[in-house]
Amino acid sequence: MGRRPCPVGKAISTCRQLVVGWLLLISVSLPVFGAVSAADLMSALSLQQPLATATTSPDGPPRVITLAPSVTELVYAAGAGDAIVGTVLHSDYPPAARAIPRIGDGVQPNDEAILALRPTLVVAWYPTDITQSLAQRLQLLGVPLVYANPQSLDDLPGLIRQLGQRLGTEVQADANAQALQQRIDALGIADQKSAVAGPPDTALVSVFIEISTDPLYTLGNAPLINDLLTRCGGQNPYADSRVAAPQVSVESVLHLSPQVLIVSPNGRDTLQTRTRWWAERGLAAALNHRTYAVDPDWLHRPGPRLVDAAEVICRDLGGIGSSH
């Protein structure tokens with residue numbers, strides 16, 4: 001059984017935020033998000049404006065505003081954390097980010113607070129009606145709003161490099177991107193040596209990721225997380241869902257009988273309490289002690305620390321394929 005439960009002290013400030021991003025894809029942005037391709041999202045950082053006009057002002061260096069915690073982490077990974085002049089409430093990593101002025105939350109940023117900070121670049125996670133409206137206001141001032149929405153783990157180093165190019169920190173960005181890519185390339189190589197030989201689809205381990213308990217939500221059509229699972233020899237039984245974070249029934253989960261349960265506990269929930277809860281309902285993964293906890297800040301923020309989560313999950317899944 002895994003031993004990486006989210007610390008109880010994080011319940012209010014961060015752990016309960018893990019559902020927000022995924023559920024926003026349902027309640028706020030899904031119609032817009034669904035119409036935007038992965039290629040469009042990746043190319044959003046390569047606007048046709050000259051780099052100088054997009055990142056600098058006549059009075060000084062770049063002034064960046066980030067509209068999601070994951071974007072803040074990407075900008076820091078690109079070596080440009082000092083350029084961030086405003087961010088959202090739950091941007092708390094790295095620790096230096098906690099001192100950045102706040103411009104609202106990731107759901108409803110304050111346009112006036114953003115404009116008052118005189119940004120030269122605004123970076124969001126995914127397109128919504130709110131960000132598109134903000135982009136129109138910023139466009140009148142010559143300020144681009146771009147998106148950093150990775151659709152696979154390999155997109156993360158690319159986004160870091162693109163941010164470095166845009167913000168004039170290419171050397172550090174390239175170094176960090178290369179180091180991250182090496183870790184991504186190594187995922188699952190050692191852990192899957194003991195997996196069953198044969199066609200790849202026969203060796204995949206069915207993994208249920210619980211992101212909320214009441215009501216019960218999981219991850220569905222979430223390409224980034226599903227890419228992570230595949231690299232670790234796992235398979236999401238809800239990957240064919242129409243939405244990124246579907247609400248599911250206990251009966252549905254029991255019927256699918258996933259071999260592994262991954263949770264991100266918060267509040268009074270712990271890995272042990274969630275394992276016991278599912279065991280009482282007869283879930284094989286819980287009865288077989290194949291339950292693991294991963295820090296939600298790692299797993300549910302599409303930034304560099306998602307690779308930390310991937311390494312943990314690959315390690316947890318390693319060898320399970322040889323025993324099913």
# chains A, B, ... in the order shown; residues from 1 in each chain; ligands from 1
>>> residues_around(residues="Ala186 of chain A", least_positions_apart="4", cutoff="12 Å", atoms="only C-alpha atoms", output="PDB file with C-alpha atoms, in the first residue's frame")
ATOM      1  CA  LEU A 153       3.902  14.813 -20.745  1.00  0.00           C
ATOM      2  CA  ASP A 154       6.173  15.583 -23.691  1.00  0.00           C
ATOM      3  CA  ALA A 179      16.303  17.561 -17.457  1.00  0.00           C
ATOM      4  CA  LEU A 180      12.522  17.145 -17.344  1.00  0.00           C
ATOM      5  CA  GLN A 181      12.466  15.416 -20.735  1.00  0.00           C
ATOM      6  CA  GLN A 182      15.073  12.932 -19.562  1.00  0.00           C
ATOM      7  CA  ALA A 190      12.652  -0.030 -14.981  1.00  0.00           C
ATOM      8  CA  ASP A 191       9.243  -0.528 -13.385  1.00  0.00           C
ATOM      9  CA  GLN A 192       7.732  -2.463 -16.291  1.00  0.00           C
ATOM     10  CA  ARG A 231       3.562   5.397 -19.870  1.00  0.00           C
ATOM     11  CA  CYS A 232       3.350   3.652 -16.506  1.00  0.00           C
ATOM     12  CA  VAL A 307       6.422  14.238 -13.644  1.00  0.00           C
ATOM     13  CA  ALA A 310       4.291  10.035 -12.846  1.00  0.00           C
ATOM     14  CA  GLU A 311       7.445   8.635 -11.250  1.00  0.00           C
ATOM     15  CA  CYS A 314       5.066   4.155 -12.358  1.00  0.00           C
ATOM     16  CA  ARG A 315       6.791   2.826  -9.258  1.00  0.00           C
TER      17      ARG A 315
END
>>> select_by_dssp(residues="segment 127-238 of chain A", states="strand (DSSP E or B)", output="PyMOL selection string")
chain A and resi 145-147+205-213+216-218+234-235
>>> residues_around(residues="segment 62-70 of chain A", least_positions_apart="3", cutoff="6 Å", atoms="only C-alpha atoms", output="mmCIF file with N, CA, C and O atoms, in the first residue's frame")
data_model
loop_
_atom_site.group_PDB
_atom_site.id
_atom_site.type_symbol
_atom_site.label_atom_id
_atom_site.label_comp_id
_atom_site.auth_asym_id
_atom_site.auth_seq_id
_atom_site.Cartn_x
_atom_site.Cartn_y
_atom_site.Cartn_z
ATOM 1 N N THR A 55 6.770 40.800 -24.746
ATOM 2 C CA THR A 55 7.294 40.490 -23.422
ATOM 3 C C THR A 55 7.877 41.680 -22.683
ATOM 4 O O THR A 55 8.114 41.594 -21.497
ATOM 5 N N THR A 56 8.163 42.739 -23.364
ATOM 6 C CA THR A 56 8.802 43.864 -22.703
ATOM 7 C C THR A 56 7.979 45.124 -22.863
ATOM 8 O O THR A 56 7.110 45.213 -23.717
ATOM 9 N N GLU A 73 4.071 27.578 -12.053
ATOM 10 C CA GLU A 73 5.175 26.620 -11.938
ATOM 11 C C GLU A 73 5.938 26.507 -13.250
ATOM 12 O O GLU A 73 7.176 26.366 -13.251
ATOM 13 N N ALA A 83 9.692 37.509 -13.061
ATOM 14 C CA ALA A 83 8.922 38.380 -13.950
ATOM 15 C C ALA A 83 7.431 38.362 -13.633
ATOM 16 O O ALA A 83 6.679 39.181 -14.172
ATOM 17 N N ILE A 84 6.984 37.455 -12.770
ATOM 18 C CA ILE A 84 5.556 37.361 -12.458
ATOM 19 C C ILE A 84 5.176 38.480 -11.495
ATOM 20 O O ILE A 84 5.712 38.584 -10.397
ATOM 21 N N VAL A 85 4.232 39.310 -11.914
ATOM 22 C CA VAL A 85 3.788 40.431 -11.081
ATOM 23 C C VAL A 85 2.407 40.200 -10.494
ATOM 24 O O VAL A 85 1.955 40.970 -9.638
ATOM 25 N N GLY A 86 1.708 39.159 -10.921
ATOM 26 C CA GLY A 86 0.396 38.853 -10.387
ATOM 27 C C GLY A 86 0.021 37.420 -10.699
ATOM 28 O O GLY A 86 0.414 36.879 -11.738
ATOM 29 N N THR A 87 -0.726 36.797 -9.793
ATOM 30 C CA THR A 87 -1.140 35.413 -10.005
ATOM 31 C C THR A 87 -2.431 35.157 -9.245
ATOM 32 O O THR A 87 -2.984 36.049 -8.592
ATOM 33 N N VAL A 88 -2.925 33.905 -9.300
ATOM 34 C CA VAL A 88 -4.194 33.561 -8.668
ATOM 35 C C VAL A 88 -3.976 33.040 -7.248
ATOM 36 O O VAL A 88 -2.856 32.757 -6.832
ATOM 37 N N SER A 91 -1.743 29.791 -6.248
ATOM 38 C CA SER A 91 -0.371 29.631 -6.734
ATOM 39 C C SER A 91 0.564 29.683 -5.522
ATOM 40 O O SER A 91 0.837 30.763 -5.000
ATOM 41 N N GLY A 106 -8.665 31.280 -9.940
ATOM 42 C CA GLY A 106 -8.576 30.774 -11.301
ATOM 43 C C GLY A 106 -9.904 30.719 -12.026
ATOM 44 O O GLY A 106 -9.941 30.585 -13.244
ATOM 45 N N PRO A 119 0.590 44.387 -17.199
ATOM 46 C CA PRO A 119 1.312 43.214 -17.705
ATOM 47 C C PRO A 119 1.781 43.401 -19.137
ATOM 48 O O PRO A 119 1.196 44.184 -19.906
ATOM 49 N N THR A 120 2.823 42.681 -19.483
ATOM 50 C CA THR A 120 3.238 42.600 -20.883
ATOM 51 C C THR A 120 2.922 41.230 -21.468
ATOM 52 O O THR A 120 3.024 41.030 -22.677
ATOM 53 N N LEU A 121 2.550 40.289 -20.597
ATOM 54 C CA LEU A 121 2.161 38.946 -21.035
ATOM 55 C C LEU A 121 1.271 38.325 -19.967
ATOM 56 O O LEU A 121 1.577 38.398 -18.775
ATOM 57 N N VAL A 122 0.158 37.727 -20.392
ATOM 58 C CA VAL A 122 -0.729 36.992 -19.495
ATOM 59 C C VAL A 122 -0.789 35.555 -19.992
ATOM 60 O O VAL A 122 -0.989 35.304 -21.184
ATOM 61 N N VAL A 123 -0.587 34.606 -19.067
ATOM 62 C CA VAL A 123 -0.575 33.185 -19.443
ATOM 63 C C VAL A 123 -1.666 32.466 -18.663
ATOM 64 O O VAL A 123 -1.709 32.520 -17.434
ATOM 65 N N ALA A 124 -2.565 31.792 -19.389
ATOM 66 C CA ALA A 124 -3.662 31.039 -18.789
ATOM 67 C C ALA A 124 -3.465 29.550 -19.038
ATOM 68 O O ALA A 124 -2.569 29.133 -19.782
ATOM 69 N N ARG A 301 -2.147 19.258 -11.109
ATOM 70 C CA ARG A 301 -1.685 20.497 -11.721
ATOM 71 C C ARG A 301 -0.861 20.136 -12.954
ATOM 72 O O ARG A 301 0.143 19.427 -12.839
ATOM 73 N N PRO A 302 -1.264 20.586 -14.133
ATOM 74 C CA PRO A 302 -0.543 20.224 -15.353
ATOM 75 C C PRO A 302 0.736 21.033 -15.532
ATOM 76 O O PRO A 302 0.903 21.781 -16.497
ATOM 77 N N GLY A 303 1.642 20.862 -14.582
ATOM 78 C CA GLY A 303 2.916 21.554 -14.611
ATOM 79 C C GLY A 303 4.065 20.579 -14.418
ATOM 80 O O GLY A 303 3.868 19.355 -14.473
#
>>> residues_around(residues="segment 207-215 of chain A", least_positions_apart="4", cutoff="8 Å", atoms="only C-alpha atoms", output="MDAnalysis selection string")
chainID A and resid 18:19 219 234:237 247 253 258:264
>>> closest_residue(among="A:Ala244, A:Ile320, A:Ile184, A:Leu287", to="His300 of chain A", atoms="only C-alpha atoms")
A:Ala244
>>> atom_distance(atom1="atom CA of Pro101 of chain A", atom2="atom CA of Val75 of chain A")
15.6 Å
>>> select_by_dssp(residues="segment 52-257 of chain A", states="alpha helix (DSSP H)", output="JSON, numbers by chain")
{"A": [52, 53, 54, 55, 69, 70, 71, 72, 73, 74, 75, 76, 77, 111, 112, 113, 114, 115, 116, 129, 130, 131, 132, 133, 134, 135, 136, 137, 138, 139, 155, 156, 157, 158, 159, 160, 161, 162, 163, 164, 165, 166, 167, 170, 171, 172, 173, 174, 175, 176, 177, 178, 179, 180, 181, 182, 183, 184, 185, 186, 200, 201, 202, 203, 223, 224, 225, 226, 227, 228, 229, 230, 231, 250, 251, 252, 253, 254, 255, 256]}
>>> residues_around(residues="Tyr93 of chain A", least_positions_apart="3", cutoff="10 Å", atoms="only C-alpha atoms", output="list in words")
Pro69, Ser70, Thr72, Glu73, Tyr76, His90, Ala96, Ala97, Arg98, Asp297 and Arg305 of chain A
>>> atom_distance(atom1="atom CA of Ala113 of chain A", atom2="atom CA of Val71 of chain A")
18.3 Å
>>> closest_residue(among="A:Ser133, A:Thr169, A:Thr273, A:Asn226", to="Leu299 of chain A", atoms="only C-alpha atoms")
A:Asn226
>>> residues_around(residues="Gln132 of chain A", least_positions_apart="6", cutoff="12 Å", atoms="only C-alpha atoms", output="list in words")
Ser29, Val32, Phe33, Asp111, Val122, Val123, Ala124, Trp125, Tyr126, Leu138, Gln139, Pro144, Leu145, Val146 and Tyr147 of chain A
>>> write_last_selection(atoms="N, CA, C and O atoms", output="mmCIF file, in the first residue's frame")
data_model
loop_
_atom_site.group_PDB
_atom_site.id
_atom_site.type_symbol
_atom_site.label_atom_id
_atom_site.label_comp_id
_atom_site.auth_asym_id
_atom_site.auth_seq_id
_atom_site.Cartn_x
_atom_site.Cartn_y
_atom_site.Cartn_z
ATOM 1 N N SER A 29 -15.780 25.579 -19.136
ATOM 2 C CA SER A 29 -15.062 25.753 -20.397
ATOM 3 C C SER A 29 -15.191 24.624 -21.384
ATOM 4 O O SER A 29 -14.637 24.701 -22.456
ATOM 5 N N VAL A 32 -15.867 25.424 -25.123
ATOM 6 C CA VAL A 32 -14.744 26.106 -25.767
ATOM 7 C C VAL A 32 -13.554 25.176 -25.843
ATOM 8 O O VAL A 32 -12.907 25.043 -26.867
ATOM 9 N N PHE A 33 -13.283 24.497 -24.723
ATOM 10 C CA PHE A 33 -12.119 23.616 -24.663
ATOM 11 C C PHE A 33 -12.205 22.532 -25.724
ATOM 12 O O PHE A 33 -11.238 22.202 -26.384
ATOM 13 N N ASP A 111 -10.320 41.434 -13.674
ATOM 14 C CA ASP A 111 -9.768 42.121 -14.847
ATOM 15 C C ASP A 111 -9.094 43.435 -14.469
ATOM 16 O O ASP A 111 -8.016 43.764 -14.986
ATOM 17 N N VAL A 122 0.158 37.727 -20.392
ATOM 18 C CA VAL A 122 -0.729 36.992 -19.495
ATOM 19 C C VAL A 122 -0.789 35.555 -19.992
ATOM 20 O O VAL A 122 -0.989 35.304 -21.184
ATOM 21 N N VAL A 123 -0.587 34.606 -19.067
ATOM 22 C CA VAL A 123 -0.575 33.185 -19.443
ATOM 23 C C VAL A 123 -1.666 32.466 -18.663
ATOM 24 O O VAL A 123 -1.709 32.520 -17.434
ATOM 25 N N ALA A 124 -2.565 31.792 -19.389
ATOM 26 C CA ALA A 124 -3.662 31.039 -18.789
ATOM 27 C C ALA A 124 -3.465 29.550 -19.038
ATOM 28 O O ALA A 124 -2.569 29.133 -19.782
ATOM 29 N N TRP A 125 -4.330 28.745 -18.404
ATOM 30 C CA TRP A 125 -4.242 27.293 -18.571
ATOM 31 C C TRP A 125 -5.020 26.855 -19.801
ATOM 32 O O TRP A 125 -4.496 26.214 -20.699
ATOM 33 N N TYR A 126 -6.321 27.203 -19.868
ATOM 34 C CA TYR A 126 -7.144 26.754 -20.979
ATOM 35 C C TYR A 126 -8.132 27.865 -21.333
ATOM 36 O O TYR A 126 -8.440 28.739 -20.515
ATOM 37 N N LEU A 138 -7.118 42.940 -23.385
ATOM 38 C CA LEU A 138 -5.666 43.053 -23.413
ATOM 39 C C LEU A 138 -5.156 43.369 -24.813
ATOM 40 O O LEU A 138 -4.168 44.090 -24.979
ATOM 41 N N GLN A 139 -5.832 42.826 -25.809
ATOM 42 C CA GLN A 139 -5.394 43.046 -27.187
ATOM 43 C C GLN A 139 -5.407 44.529 -27.544
ATOM 44 O O GLN A 139 -4.557 45.014 -28.292
ATOM 45 N N PRO A 144 -0.493 40.262 -25.173
ATOM 46 C CA PRO A 144 -1.017 38.943 -25.543
ATOM 47 C C PRO A 144 -1.442 38.131 -24.331
ATOM 48 O O PRO A 144 -0.855 38.222 -23.256
ATOM 49 N N LEU A 145 -2.483 37.340 -24.514
ATOM 50 C CA LEU A 145 -2.868 36.307 -23.557
ATOM 51 C C LEU A 145 -2.674 34.976 -24.264
ATOM 52 O O LEU A 145 -3.255 34.744 -25.323
ATOM 53 N N VAL A 146 -1.853 34.109 -23.701
ATOM 54 C CA VAL A 146 -1.544 32.830 -24.326
ATOM 55 C C VAL A 146 -1.895 31.706 -23.361
ATOM 56 O O VAL A 146 -2.077 31.923 -22.161
ATOM 57 N N TYR A 147 -1.985 30.482 -23.903
ATOM 58 C CA TYR A 147 -2.391 29.335 -23.106
ATOM 59 C C TYR A 147 -1.254 28.327 -22.995
ATOM 60 O O TYR A 147 -0.531 28.087 -23.968
#
